[in-house]
$ cat run-v1.cif   # mmCIF, C-alpha atoms and all ligand atoms
data_coords
#
loop_
_atom_site.group_PDB
_atom_site.id
_atom_site.type_symbol
_atom_site.label_atom_id
_atom_site.label_comp_id
_atom_site.auth_asym_id
_atom_site.auth_seq_id
_atom_site.Cartn_x
_atom_site.Cartn_y
_atom_site.Cartn_z
ATOM 1 C CA MET O 1 -36.314 -39.403 -62.588
ATOM 2 C CA ASP O 2 -36.881 -40.222 -58.918
ATOM 3 C CA VAL O 3 -35.041 -37.896 -56.543
ATOM 4 C CA ARG O 4 -33.229 -40.881 -55.006
ATOM 5 C CA GLU O 5 -31.871 -41.951 -58.391
ATOM 6 C CA THR O 6 -30.785 -38.406 -59.228
ATOM 7 C CA ILE O 7 -28.970 -38.187 -55.884
ATOM 8 C CA ALA O 8 -27.274 -41.544 -56.515
ATOM 9 C CA GLY O 9 -26.132 -40.439 -59.995
ATOM 10 C CA LEU O 10 -24.767 -37.108 -58.768
ATOM 11 C CA LYS O 11 -23.037 -38.807 -55.877
ATOM 12 C CA ARG O 12 -21.169 -41.105 -58.243
ATOM 13 C CA ARG O 13 -20.270 -38.267 -60.613
ATOM 14 C CA LYS O 14 -18.951 -36.055 -57.850
ATOM 15 C CA ASN O 15 -17.276 -38.794 -55.810
ATOM 16 C CA ALA O 16 -19.488 -37.780 -52.900
ATOM 17 C CA VAL O 17 -20.457 -39.610 -49.723
ATOM 18 C CA ILE O 18 -23.579 -38.941 -47.674
ATOM 19 C CA LEU O 19 -23.243 -39.126 -43.892
ATOM 20 C CA ALA O 20 -26.365 -38.930 -41.717
ATOM 21 C CA HIS O 21 -26.930 -38.698 -37.988
ATOM 22 C CA ASN O 22 -29.214 -41.242 -36.282
ATOM 23 C CA TYR O 23 -31.867 -38.522 -35.741
ATOM 24 C CA GLN O 24 -32.300 -37.698 -39.432
ATOM 25 C CA LEU O 25 -35.595 -38.234 -41.285
ATOM 26 C CA PRO O 26 -36.158 -41.874 -42.361
ATOM 27 C CA GLU O 27 -35.860 -41.082 -46.086
ATOM 28 C CA VAL O 28 -32.557 -39.288 -45.475
ATOM 29 C CA GLN O 29 -31.175 -42.180 -43.412
ATOM 30 C CA ASP O 30 -32.193 -44.521 -46.234
ATOM 31 C CA ILE O 31 -30.120 -42.749 -48.907
ATOM 32 C CA ALA O 32 -27.078 -42.225 -46.661
ATOM 33 C CA ASP O 33 -23.884 -44.219 -47.168
ATOM 34 C CA PHE O 34 -23.326 -44.211 -43.444
ATOM 35 C CA VAL O 35 -25.655 -43.469 -40.503
ATOM 36 C CA GLY O 36 -24.205 -43.048 -37.043
ATOM 37 C CA ASP O 37 -23.695 -41.118 -33.824
ATOM 38 C CA SER O 38 -21.413 -38.120 -33.413
ATOM 39 C CA LEU O 39 -18.291 -40.167 -32.687
ATOM 40 C CA GLU O 40 -18.870 -42.642 -35.513
ATOM 41 C CA LEU O 41 -19.526 -39.829 -37.992
ATOM 42 C CA SER O 42 -16.348 -37.989 -36.914
ATOM 43 C CA ARG O 43 -14.280 -41.130 -37.386
ATOM 44 C CA LYS O 44 -15.885 -41.775 -40.752
ATOM 45 C CA ALA O 45 -15.239 -38.210 -41.947
ATOM 46 C CA ALA O 46 -11.573 -38.554 -40.983
ATOM 47 C CA ALA O 47 -11.178 -41.842 -42.888
ATOM 48 C CA LEU O 48 -13.121 -41.118 -46.085
ATOM 49 C CA GLU O 49 -11.578 -41.222 -49.551
ATOM 50 C CA ALA O 50 -14.408 -39.222 -51.202
ATOM 51 C CA SER O 51 -13.906 -35.645 -52.442
ATOM 52 C CA VAL O 52 -17.288 -34.398 -51.219
ATOM 53 C CA ILE O 53 -19.025 -35.096 -47.901
ATOM 54 C CA VAL O 54 -22.727 -34.261 -47.737
ATOM 55 C CA PHE O 55 -23.399 -34.022 -44.020
ATOM 56 C CA CYS O 56 -27.021 -34.660 -43.048
ATOM 57 C CA GLY O 57 -26.982 -33.457 -39.493
ATOM 58 C CA VAL O 58 -26.409 -30.123 -37.796
ATOM 59 C CA HIS O 59 -23.780 -27.456 -38.327
ATOM 60 C CA PHE O 60 -21.241 -28.478 -35.653
ATOM 61 C CA MET O 61 -21.112 -31.991 -37.147
ATOM 62 C CA ALA O 62 -20.321 -30.669 -40.617
ATOM 63 C CA GLU O 63 -17.685 -28.400 -39.073
ATOM 64 C CA THR O 64 -16.116 -31.373 -37.307
ATOM 65 C CA ALA O 65 -16.014 -33.194 -40.644
ATOM 66 C CA ALA O 66 -14.410 -30.139 -42.295
ATOM 67 C CA VAL O 67 -11.767 -29.980 -39.547
ATOM 68 C CA LEU O 68 -10.973 -33.697 -39.852
ATOM 69 C CA ALA O 69 -11.036 -33.820 -43.637
ATOM 70 C CA PRO O 70 -9.092 -30.770 -44.804
ATOM 71 C CA GLY O 71 -9.115 -30.416 -48.568
ATOM 72 C CA LYS O 72 -12.506 -32.103 -48.905
ATOM 73 C CA THR O 73 -15.693 -30.246 -49.721
ATOM 74 C CA VAL O 74 -18.158 -30.526 -46.835
ATOM 75 C CA LEU O 75 -21.755 -29.614 -47.620
ATOM 76 C CA LEU O 76 -24.591 -29.008 -45.145
ATOM 77 C CA PRO O 77 -27.852 -29.344 -47.115
ATOM 78 C CA GLU O 78 -29.729 -26.890 -44.863
ATOM 79 C CA VAL O 79 -27.788 -23.834 -43.742
ATOM 80 C CA GLU O 80 -30.205 -23.152 -40.852
ATOM 81 C CA ALA O 81 -29.656 -26.602 -39.313
ATOM 82 C CA GLY O 82 -27.783 -25.623 -36.164
ATOM 83 C CA CYS O 83 -27.683 -27.081 -32.670
ATOM 84 C CA PRO O 84 -29.163 -24.707 -30.075
ATOM 85 C CA MET O 85 -26.997 -26.283 -27.363
ATOM 86 C CA ALA O 86 -23.809 -25.712 -29.372
ATOM 87 C CA ASP O 87 -24.867 -22.066 -29.727
ATOM 88 C CA MET O 88 -25.049 -21.637 -25.933
ATOM 89 C CA ILE O 89 -21.320 -20.902 -25.719
ATOM 90 C CA ASN O 90 -18.932 -19.075 -28.037
ATOM 91 C CA ALA O 91 -15.140 -18.784 -28.041
ATOM 92 C CA ARG O 92 -15.127 -15.350 -26.371
ATOM 93 C CA GLU O 93 -17.310 -16.596 -23.514
ATOM 94 C CA LEU O 94 -15.154 -19.683 -23.075
ATOM 95 C CA ARG O 95 -11.946 -17.605 -22.984
ATOM 96 C CA ALA O 96 -13.431 -15.375 -20.266
ATOM 97 C CA TRP O 97 -14.626 -18.406 -18.285
ATOM 98 C CA LYS O 98 -11.231 -20.133 -18.535
ATOM 99 C CA ALA O 99 -9.565 -16.998 -17.173
ATOM 100 C CA ARG O 100 -11.560 -17.483 -13.967
ATOM 101 C CA TYR O 101 -10.123 -20.991 -13.518
ATOM 102 C CA PRO O 102 -6.424 -20.773 -14.381
ATOM 103 C CA GLY O 103 -4.762 -24.155 -14.837
ATOM 104 C CA LEU O 104 -7.971 -26.170 -15.277
ATOM 105 C CA LYS O 105 -8.295 -28.265 -18.411
ATOM 106 C CA VAL O 106 -11.295 -27.775 -20.674
ATOM 107 C CA VAL O 107 -13.337 -30.691 -22.014
ATOM 108 C CA CYS O 108 -15.735 -29.699 -24.772
ATOM 109 C CA TYR O 109 -18.654 -31.807 -25.878
ATOM 110 C CA VAL O 110 -18.585 -32.382 -29.658
ATOM 111 C CA ASN O 111 -21.775 -30.266 -29.771
ATOM 112 C CA THR O 112 -19.735 -27.043 -29.946
ATOM 113 C CA SER O 113 -18.441 -24.788 -32.703
ATOM 114 C CA ALA O 114 -14.942 -25.349 -34.085
ATOM 115 C CA ALA O 115 -13.957 -22.033 -32.447
ATOM 116 C CA VAL O 116 -14.950 -23.398 -29.018
ATOM 117 C CA LYS O 117 -13.127 -26.659 -29.721
ATOM 118 C CA ALA O 118 -10.067 -24.570 -30.598
ATOM 119 C CA GLU O 119 -10.141 -23.146 -27.036
ATOM 120 C CA SER O 120 -10.451 -26.619 -25.452
ATOM 121 C CA ASP O 121 -7.905 -29.261 -24.436
ATOM 122 C CA ILE O 122 -9.945 -32.259 -25.491
ATOM 123 C CA CYS O 123 -13.263 -33.016 -27.119
ATOM 124 C CA CYS O 124 -15.721 -35.782 -26.156
ATOM 125 C CA THR O 125 -18.966 -37.277 -27.387
ATOM 126 C CA SER O 126 -21.761 -38.892 -25.421
ATOM 127 C CA SER O 127 -20.244 -42.325 -26.043
ATOM 128 C CA ASN O 128 -16.732 -41.589 -24.759
ATOM 129 C CA ALA O 129 -17.160 -38.705 -22.278
ATOM 130 C CA VAL O 130 -16.430 -40.882 -19.224
ATOM 131 C CA ALA O 131 -13.253 -42.320 -20.807
ATOM 132 C CA VAL O 132 -12.130 -38.859 -21.946
ATOM 133 C CA VAL O 133 -12.503 -37.336 -18.468
ATOM 134 C CA ASN O 134 -10.777 -40.333 -16.868
ATOM 135 C CA SER O 135 -7.898 -39.942 -19.336
ATOM 136 C CA LEU O 136 -7.101 -36.428 -18.117
ATOM 137 C CA GLY O 137 -5.469 -37.561 -14.877
ATOM 138 C CA VAL O 138 -6.860 -34.567 -12.968
ATOM 139 C CA ASP O 139 -9.499 -34.232 -10.236
ATOM 140 C CA ARG O 140 -11.107 -31.039 -11.563
ATOM 141 C CA ALA O 141 -11.876 -29.779 -15.059
ATOM 142 C CA LEU O 142 -14.175 -27.428 -16.938
ATOM 143 C CA PHE O 143 -16.855 -29.012 -19.123
ATOM 144 C CA VAL O 144 -18.794 -27.208 -21.877
ATOM 145 C CA PRO O 145 -21.595 -26.750 -22.777
ATOM 146 C CA ASP O 146 -23.936 -29.495 -21.500
ATOM 147 C CA LYS O 147 -24.571 -29.286 -17.754
ATOM 148 C CA ASN O 148 -26.537 -32.551 -17.773
ATOM 149 C CA LEU O 149 -23.754 -34.532 -19.424
ATOM 150 C CA ALA O 150 -21.259 -32.836 -17.065
ATOM 151 C CA ALA O 151 -23.277 -33.936 -14.013
ATOM 152 C CA TYR O 152 -23.565 -37.503 -15.282
ATOM 153 C CA VAL O 153 -19.865 -37.801 -16.178
ATOM 154 C CA ALA O 154 -18.807 -36.228 -12.865
ATOM 155 C CA ARG O 155 -20.811 -38.843 -11.011
ATOM 156 C CA GLU O 156 -19.465 -41.721 -13.127
ATOM 157 C CA THR O 157 -15.837 -40.651 -12.813
ATOM 158 C CA GLY O 158 -15.867 -39.231 -9.273
ATOM 159 C CA LYS O 159 -14.185 -36.058 -10.644
ATOM 160 C CA THR O 160 -15.303 -32.484 -10.117
ATOM 161 C CA LEU O 161 -16.554 -31.091 -13.411
ATOM 162 C CA ILE O 162 -17.467 -27.438 -13.471
ATOM 163 C CA GLY O 163 -20.164 -27.349 -16.112
ATOM 164 C CA TRP O 164 -21.240 -24.499 -18.360
ATOM 165 C CA ASP O 165 -24.951 -23.718 -18.023
ATOM 166 C CA GLY O 166 -25.972 -25.239 -21.369
ATOM 167 C CA TYR O 167 -28.382 -28.015 -22.225
ATOM 168 C CA CYS O 168 -30.138 -29.716 -25.131
ATOM 169 C CA HIS O 169 -33.725 -28.538 -25.135
ATOM 170 C CA VAL O 170 -34.884 -31.936 -26.415
ATOM 171 C CA HIS O 171 -33.248 -34.009 -23.669
ATOM 172 C CA HIS O 172 -33.556 -31.437 -20.873
ATOM 173 C CA ARG O 173 -37.354 -31.680 -21.142
ATOM 174 C CA PHE O 174 -37.496 -35.350 -20.196
ATOM 175 C CA THR O 175 -38.830 -35.727 -16.646
ATOM 176 C CA PRO O 176 -38.905 -38.595 -14.133
ATOM 177 C CA ARG O 177 -42.658 -38.620 -14.700
ATOM 178 C CA ASP O 178 -42.149 -39.327 -18.441
ATOM 179 C CA ILE O 179 -40.187 -42.436 -17.508
ATOM 180 C CA GLU O 180 -42.680 -43.548 -14.853
ATOM 181 C CA GLU O 181 -45.623 -43.081 -17.220
ATOM 182 C CA ALA O 182 -43.843 -44.894 -20.057
ATOM 183 C CA ARG O 183 -43.078 -47.804 -17.714
ATOM 184 C CA ALA O 184 -46.739 -47.877 -16.666
ATOM 185 C CA ARG O 185 -47.773 -48.022 -20.351
ATOM 186 C CA HIS O 186 -45.243 -50.752 -21.139
ATOM 187 C CA PRO O 187 -44.613 -52.822 -18.030
ATOM 188 C CA GLY O 188 -41.668 -55.127 -18.577
ATOM 189 C CA ALA O 189 -39.950 -52.828 -21.082
ATOM 190 C CA GLU O 190 -36.348 -51.796 -20.492
ATOM 191 C CA VAL O 191 -35.599 -48.049 -20.418
ATOM 192 C CA TRP O 192 -32.615 -46.592 -22.292
ATOM 193 C CA VAL O 193 -31.853 -42.879 -22.015
ATOM 194 C CA HIS O 194 -29.260 -40.554 -23.497
ATOM 195 C CA PRO O 195 -26.748 -38.908 -21.110
ATOM 196 C CA GLU O 196 -27.933 -35.440 -22.206
ATOM 197 C CA CYS O 197 -31.016 -36.110 -19.998
ATOM 198 C CA PRO O 198 -31.146 -34.670 -16.466
ATOM 199 C CA LEU O 199 -29.734 -36.869 -13.669
ATOM 200 C CA ASP O 200 -33.150 -37.530 -12.095
ATOM 201 C CA VAL O 201 -34.239 -39.034 -15.444
ATOM 202 C CA ILE O 202 -31.005 -41.023 -15.790
ATOM 203 C CA ASP O 203 -31.607 -42.403 -12.284
ATOM 204 C CA ARG O 204 -34.885 -43.947 -13.422
ATOM 205 C CA ALA O 205 -33.412 -45.627 -16.522
ATOM 206 C CA ASP O 206 -31.955 -49.115 -16.911
ATOM 207 C CA LYS O 207 -29.208 -48.038 -19.339
ATOM 208 C CA VAL O 208 -27.525 -44.757 -20.269
ATOM 209 C CA LEU O 209 -26.394 -44.855 -23.898
ATOM 210 C CA SER O 210 -25.342 -42.618 -26.774
ATOM 211 C CA THR O 211 -27.374 -43.077 -29.949
ATOM 212 C CA GLY O 212 -24.687 -45.352 -31.445
ATOM 213 C CA GLN O 213 -24.605 -47.419 -28.270
ATOM 214 C CA MET O 214 -28.414 -47.759 -28.486
ATOM 215 C CA VAL O 215 -28.048 -49.112 -32.029
ATOM 216 C CA ARG O 216 -25.521 -51.719 -30.838
ATOM 217 C CA GLU O 217 -27.452 -52.584 -27.667
ATOM 218 C CA ALA O 218 -30.594 -53.165 -29.738
ATOM 219 C CA ARG O 219 -28.756 -55.857 -31.735
ATOM 220 C CA ARG O 220 -27.747 -57.637 -28.514
ATOM 221 C CA THR O 221 -30.812 -57.248 -26.330
ATOM 222 C CA THR O 222 -32.970 -60.202 -25.375
ATOM 223 C CA ARG O 223 -35.798 -57.839 -24.363
ATOM 224 C CA ARG O 224 -38.846 -57.560 -26.594
ATOM 225 C CA GLU O 225 -39.816 -54.009 -25.562
ATOM 226 C CA VAL O 226 -37.619 -50.974 -25.001
ATOM 227 C CA ILE O 227 -38.532 -47.416 -24.013
ATOM 228 C CA ILE O 228 -36.241 -44.869 -25.664
ATOM 229 C CA GLY O 229 -35.320 -41.625 -23.900
ATOM 230 C CA THR O 230 -33.721 -39.612 -26.670
ATOM 231 C CA GLU O 231 -34.747 -37.759 -29.844
ATOM 232 C CA LYS O 232 -37.340 -40.075 -31.289
ATOM 233 C CA GLY O 233 -35.943 -40.073 -34.841
ATOM 234 C CA ILE O 234 -33.622 -42.895 -33.800
ATOM 235 C CA ILE O 235 -36.604 -45.215 -33.386
ATOM 236 C CA TYR O 236 -36.863 -45.518 -37.176
ATOM 237 C CA ARG O 237 -33.410 -47.120 -37.366
ATOM 238 C CA LEU O 238 -33.853 -49.242 -34.226
ATOM 239 C CA ALA O 239 -37.168 -50.651 -35.494
ATOM 240 C CA LYS O 240 -35.878 -51.214 -39.037
ATOM 241 C CA GLU O 241 -32.819 -53.147 -37.863
ATOM 242 C CA ASN O 242 -34.588 -55.078 -35.084
ATOM 243 C CA PRO O 243 -38.095 -56.011 -36.230
ATOM 244 C CA ALA O 244 -38.584 -58.429 -33.314
ATOM 245 C CA VAL O 245 -38.223 -55.652 -30.718
ATOM 246 C CA SER O 246 -40.812 -52.929 -30.057
ATOM 247 C CA PHE O 247 -39.350 -49.479 -29.333
ATOM 248 C CA TYR O 248 -41.455 -46.776 -27.702
ATOM 249 C CA PRO O 249 -40.557 -43.106 -27.214
ATOM 250 C CA ALA O 250 -40.394 -42.140 -23.535
ATOM 251 C CA ARG O 251 -41.723 -38.749 -24.579
ATOM 252 C CA ASP O 252 -43.714 -38.287 -27.744
ATOM 253 C CA ALA O 253 -42.650 -34.669 -28.176
ATOM 254 C CA ALA O 254 -38.905 -35.470 -28.139
ATOM 255 C CA LEU O 255 -38.101 -34.046 -31.565
ATOM 256 C CA CYS O 256 -35.192 -31.875 -32.670
ATOM 257 C CA VAL O 257 -36.541 -29.613 -35.422
ATOM 258 C CA HIS O 258 -32.996 -28.802 -36.526
ATOM 259 C CA MET O 259 -32.277 -32.455 -37.211
ATOM 260 C CA LYS O 260 -35.450 -32.638 -39.289
ATOM 261 C CA MET O 261 -34.658 -29.680 -41.560
ATOM 262 C CA THR O 262 -32.696 -31.839 -43.988
ATOM 263 C CA THR O 263 -34.919 -33.338 -46.695
ATOM 264 C CA LEU O 264 -34.184 -35.341 -49.837
ATOM 265 C CA ASP O 265 -34.791 -32.222 -51.968
ATOM 266 C CA LYS O 266 -32.192 -30.335 -49.952
ATOM 267 C CA VAL O 267 -29.689 -33.180 -50.302
ATOM 268 C CA LEU O 268 -30.267 -33.025 -54.048
ATOM 269 C CA ARG O 269 -29.831 -29.241 -54.058
ATOM 270 C CA ALA O 270 -26.612 -29.620 -52.060
ATOM 271 C CA LEU O 271 -25.156 -31.949 -54.678
ATOM 272 C CA GLU O 272 -26.399 -29.916 -57.645
ATOM 273 C CA THR O 273 -25.224 -26.528 -56.407
ATOM 274 C CA ASP O 274 -22.353 -27.424 -54.023
ATOM 275 C CA THR O 275 -24.145 -25.739 -51.150
ATOM 276 C CA PHE O 276 -23.884 -25.008 -48.300
ATOM 277 C CA ARG O 277 -20.127 -25.300 -48.036
ATOM 278 C CA VAL O 278 -18.871 -25.499 -44.462
ATOM 279 C CA GLU O 279 -15.360 -24.142 -44.066
ATOM 280 C CA VAL O 280 -13.273 -23.506 -40.976
ATOM 281 C CA PRO O 281 -10.397 -20.966 -41.050
ATOM 282 C CA ALA O 282 -7.054 -22.830 -40.962
ATOM 283 C CA ASP O 283 -5.843 -21.425 -37.620
ATOM 284 C CA ILE O 284 -9.084 -22.416 -35.848
ATOM 285 C CA ALA O 285 -9.222 -25.764 -37.651
ATOM 286 C CA ASP O 286 -5.661 -26.642 -36.577
ATOM 287 C CA ARG O 287 -6.402 -25.975 -32.899
ATOM 288 C CA ALA O 288 -9.843 -27.638 -33.015
ATOM 289 C CA ARG O 289 -8.243 -30.681 -34.675
ATOM 290 C CA GLY O 290 -5.884 -30.946 -31.707
ATOM 291 C CA ALA O 291 -8.848 -31.312 -29.310
ATOM 292 C CA ILE O 292 -10.687 -33.765 -31.585
ATOM 293 C CA GLU O 293 -7.607 -35.897 -32.293
ATOM 294 C CA ALA O 294 -6.824 -36.036 -28.565
ATOM 295 C CA MET O 295 -10.278 -37.597 -28.185
ATOM 296 C CA LEU O 296 -9.893 -39.979 -31.126
ATOM 297 C CA ARG O 297 -6.583 -41.277 -29.678
ATOM 298 C CA ILE O 298 -8.484 -42.507 -26.610
ATOM 299 C CA GLY O 299 -10.304 -45.003 -28.787
HETATM 300 P P1 LIG O 301 -24.907 -38.903 -30.176
HETATM 301 O O1 LIG O 301 -25.492 -39.339 -31.461
HETATM 302 O O2 LIG O 301 -23.441 -38.800 -30.252
HETATM 303 O O3 LIG O 301 -25.376 -39.759 -29.049
HETATM 304 O O4 LIG O 301 -25.403 -37.402 -29.913
HETATM 305 C C1 LIG O 301 -26.684 -37.023 -29.752
HETATM 306 C C2 LIG O 301 -26.963 -35.641 -30.179
HETATM 307 O O5 LIG O 301 -27.718 -34.957 -29.570
HETATM 308 C C3 LIG O 301 -26.367 -35.128 -31.387
HETATM 309 O O6 LIG O 301 -26.870 -33.900 -31.612
HETATM 310 FE FE1 LIG O 302 -28.549 -30.164 -30.488
HETATM 311 FE FE2 LIG O 302 -30.214 -31.525 -28.931
HETATM 312 FE FE3 LIG O 302 -30.797 -31.223 -31.494
HETATM 313 FE FE4 LIG O 302 -28.770 -32.814 -30.729
HETATM 314 S S1 LIG O 302 -30.926 -33.111 -30.304
HETATM 315 S S2 LIG O 302 -28.754 -31.306 -32.377
HETATM 316 S S3 LIG O 302 -28.021 -31.692 -28.944
HETATM 317 S S4 LIG O 302 -30.630 -29.572 -29.964
#
$ encode --input "run-v1.cif" --output "structure tokens" --more "lines below"
Ligand code: 13P
Ligand code: SF4
Amino acid sequence: MDVRETIAGLKRRKNAVILAHNYQLPEVQDIADFVGDSLELSRKAAALEASVIVFCGVHFMAETAAVLAPGKTVLLPEVEAGCPMADMINARELRAWKARYPGLKVVCYVNTSAAVKAESDICCTSSNAVAVVNSLGVDRALFVPDKNLAAYVARETGKTLIGWDGYCHVHHRFTPRDIEEARARHPGAEVWVHPECPLDVIDRADKVLSTGQMVREARRTTRREVIIGTEKGIIYRLAKENPAVSFYPARDAALCVHMKMTTLDKVLRALETDTFRVEVPADIADRARGAIEAMLRIG
């Protein structure tokens, strides 16, 4: 039997749902019940009725699902699929850093471990970071771990954000020259970049969007050509949903190997063997949930 059919049969038998991030391999996106950005996937995990969530993404996303869906089995098909940026700060480091800034609130990007979220006041994703920081009602806050997102949000909100020295190696490598060269190759194309890119790249873009916002913008746009400044896996979905628009990667090498570790065979193995189960100790989960729910309340 075809692997897709076997997955579909097992999914039904186990009352499982497959969630996939926008950067996943095309064949994985195609078998998913829901494809989305970090915020959309968090909301979905919180609302699901299923008993099993197979999370095709990276470890922090599956952890977020486990925190928001206590009692459900959350499976990460590839145990090595982590996010190098999320690994740039741990709870011990954050506690020590907070001690240097008594009284300052901590905003953590969703790309963090549950233990780091548990040490934070509020979580954010790339699509709501500006609203989250504005909601705090303070002029200064700590922001972990993405220094590029911190710089962008600080500029948008006019607040002082003291950023941890972390970054996404995929987005941090975009340069102003990438954007200029892509524009030269495709004159007339609009440029959309992700807010994990450095500010000098953001300054050369027409729009700054999370991956979910790119998906929605693509449905609305009247442009026929768009240059995409994020992990290029999203281009599969953009092109599939909008055949009249041509999407070009701003940088051909913009690939997150961790996002590509999940294959159909590994999704099948996950369902057959109930691996790899992602669990968060209850005390950490309770505190992390506080930071995530504070974000979800903002809407
Ligand atoms: P979003 O999909 O929330 O824009 O996040 C991008 C990302 O890098 C996830 O790892
Ligand atoms: Fe982490 Fe960047 Fe990969 Fe997203 S694209 S999972 S932020 S390394």
$ residues_around --input "run-v1.cif" --residues "O:Ile31" --least-positions-apart "2" --cutoff "8 Å" --atoms "all atoms listed in the file" --output "PyMOL selection string"
chain O and resi 4+18+27-29+33
$ resolve_selection --input "run-v1.cif" --expression "the PyMOL selection byres (((chain O and resi 139) around 12) and not hetatm)" --output "ChimeraX atom specification"
/O:104-105,133-138,140-142,154,157-162
$ write_last_selection --input "run-v1.cif" --atoms "C-alpha atoms" --output "mmCIF file, in the coordinates of the input"
data_model
loop_
_atom_site.group_PDB
_atom_site.id
_atom_site.type_symbol
_atom_site.label_atom_id
_atom_site.label_comp_id
_atom_site.auth_asym_id
_atom_site.auth_seq_id
_atom_site.Cartn_x
_atom_site.Cartn_y
_atom_site.Cartn_z
ATOM 1 C CA LEU O 104 -7.971 -26.170 -15.277
ATOM 2 C CA LYS O 105 -8.295 -28.265 -18.411
ATOM 3 C CA VAL O 133 -12.503 -37.336 -18.468
ATOM 4 C CA ASN O 134 -10.777 -40.333 -16.868
ATOM 5 C CA SER O 135 -7.898 -39.942 -19.336
ATOM 6 C CA LEU O 136 -7.101 -36.428 -18.117
ATOM 7 C CA GLY O 137 -5.469 -37.561 -14.877
ATOM 8 C CA VAL O 138 -6.860 -34.567 -12.968
ATOM 9 C CA ARG O 140 -11.107 -31.039 -11.563
ATOM 10 C CA ALA O 141 -11.876 -29.779 -15.059
ATOM 11 C CA LEU O 142 -14.175 -27.428 -16.938
ATOM 12 C CA ALA O 154 -18.807 -36.228 -12.865
ATOM 13 C CA THR O 157 -15.837 -40.651 -12.813
ATOM 14 C CA GLY O 158 -15.867 -39.231 -9.273
ATOM 15 C CA LYS O 159 -14.185 -36.058 -10.644
ATOM 16 C CA THR O 160 -15.303 -32.484 -10.117
ATOM 17 C CA LEU O 161 -16.554 -31.091 -13.411
ATOM 18 C CA ILE O 162 -17.467 -27.438 -13.471
#
$ closest_atom_pairs --input "run-v1.cif" --of "chain O" --to "ligand LIG 302 (chain O)" --cutoff "7 Å" --atoms "only C-alpha atoms and all ligand atoms" --output "Markdown table"
| residue | atom | partner | partner_atom | distance |
| --- | --- | --- | --- | --- |
| O:Val58 | CA | O:LIG302 | S2 | 6.0 |
| O:Gly82 | CA | O:LIG302 | S2 | 6.9 |
| O:Cys83 | CA | O:LIG302 | FE1 | 3.9 |
| O:Pro84 | CA | O:LIG302 | S4 | 5.1 |
| O:Met85 | CA | O:LIG302 | FE1 | 5.2 |
| O:Ala86 | CA | O:LIG302 | FE1 | 6.6 |
| O:Asn111 | CA | O:LIG302 | S3 | 6.5 |
| O:Cys168 | CA | O:LIG302 | FE2 | 4.2 |
| O:His169 | CA | O:LIG302 | S4 | 5.8 |
| O:Val170 | CA | O:LIG302 | FE2 | 5.3 |
| O:His171 | CA | O:LIG302 | FE2 | 6.6 |
| O:Glu231 | CA | O:LIG302 | S1 | 6.0 |
| O:Cys256 | CA | O:LIG302 | FE3 | 4.6 |
| O:His258 | CA | O:LIG302 | FE3 | 6.0 |
| O:Met259 | CA | O:LIG302 | FE3 | 6.0 |
$ resolve_selection --input "run-v1.cif" --expression "the PyMOL selection byres (((chain O and resi 214) around 12) and not hetatm)" --output "number ranges by chain"
O: 22, 36-37, 126-127, 190-195, 207-213, 215-221, 226-231, 234-235, 237-239, 241-242, 247
$ atom_distance --input "run-v1.cif" --atom1 "atom CA of O:Arg277" --atom2 "atom CA of O:Ser38"
19.5 Å
$ residues_around --input "run-v1.cif" --residues "O:Ala291" --least-positions-apart "2" --cutoff "6 Å" --atoms "all atoms listed in the file" --output "PyMOL selection string"
chain O and resi 121-123+288-289+293-294
$ residues_around --input "run-v1.cif" --residues "O:Asn90" --least-positions-apart "3" --cutoff "8 Å" --atoms "only C-alpha atoms" --output "PyMOL selection string"
chain O and resi 87+93-94+113+115-116
$ write_last_selection --input "run-v1.cif" --atoms "C-alpha atoms" --output "mmCIF file, keeping the file's coordinate frame"
data_model
loop_
_atom_site.group_PDB
_atom_site.id
_atom_site.type_symbol
_atom_site.label_atom_id
_atom_site.label_comp_id
_atom_site.auth_asym_id
_atom_site.auth_seq_id
_atom_site.Cartn_x
_atom_site.Cartn_y
_atom_site.Cartn_z
ATOM 1 C CA ASP O 87 -24.867 -22.066 -29.727
ATOM 2 C CA GLU O 93 -17.310 -16.596 -23.514
ATOM 3 C CA LEU O 94 -15.154 -19.683 -23.075
ATOM 4 C CA SER O 113 -18.441 -24.788 -32.703
ATOM 5 C CA ALA O 115 -13.957 -22.033 -32.447
ATOM 6 C CA VAL O 116 -14.950 -23.398 -29.018
#
$ atom_distance --input "run-v1.cif" --atom1 "atom CA of O:Val153" --atom2 "atom CA of O:Val201"
14.4 Å
$ resolve_selection --input "run-v1.cif" --expression "the PyMOL selection byres (((chain O and resi 49) around 10) and not hetatm)" --output "JSON, numbers by chain"
{"O": [15, 16, 17, 44, 45, 46, 47, 48, 50, 51, 52, 53, 69, 72]}
$ write_last_selection --input "run-v1.cif" --atoms "C-alpha atoms" --output "short mmCIF file (atom, residue, chain, number, x, y, z; two decimals), in the coordinates of the input"
data_model
loop_
_atom_site.label_atom_id
_atom_site.label_comp_id
_atom_site.auth_asym_id
_atom_site.auth_seq_id
_atom_site.Cartn_x
_atom_site.Cartn_y
_atom_site.Cartn_z
CA ASN O 15 -17.28 -38.79 -55.81
CA ALA O 16 -19.49 -37.78 -52.90
CA VAL O 17 -20.46 -39.61 -49.72
CA LYS O 44 -15.88 -41.78 -40.75
CA ALA O 45 -15.24 -38.21 -41.95
CA ALA O 46 -11.57 -38.55 -40.98
CA ALA O 47 -11.18 -41.84 -42.89
CA LEU O 48 -13.12 -41.12 -46.08
CA ALA O 50 -14.41 -39.22 -51.20
CA SER O 51 -13.91 -35.65 -52.44
CA VAL O 52 -17.29 -34.40 -51.22
CA ILE O 53 -19.02 -35.10 -47.90
CA ALA O 69 -11.04 -33.82 -43.64
CA LYS O 72 -12.51 -32.10 -48.90
#
$ closest_residue --input "run-v1.cif" --among "O:Cys56, O:Leu39, O:Met261, O:Ala189" --to "ligand LIG 301 (chain O)" --atoms "all atoms listed in the file"
O:Leu39
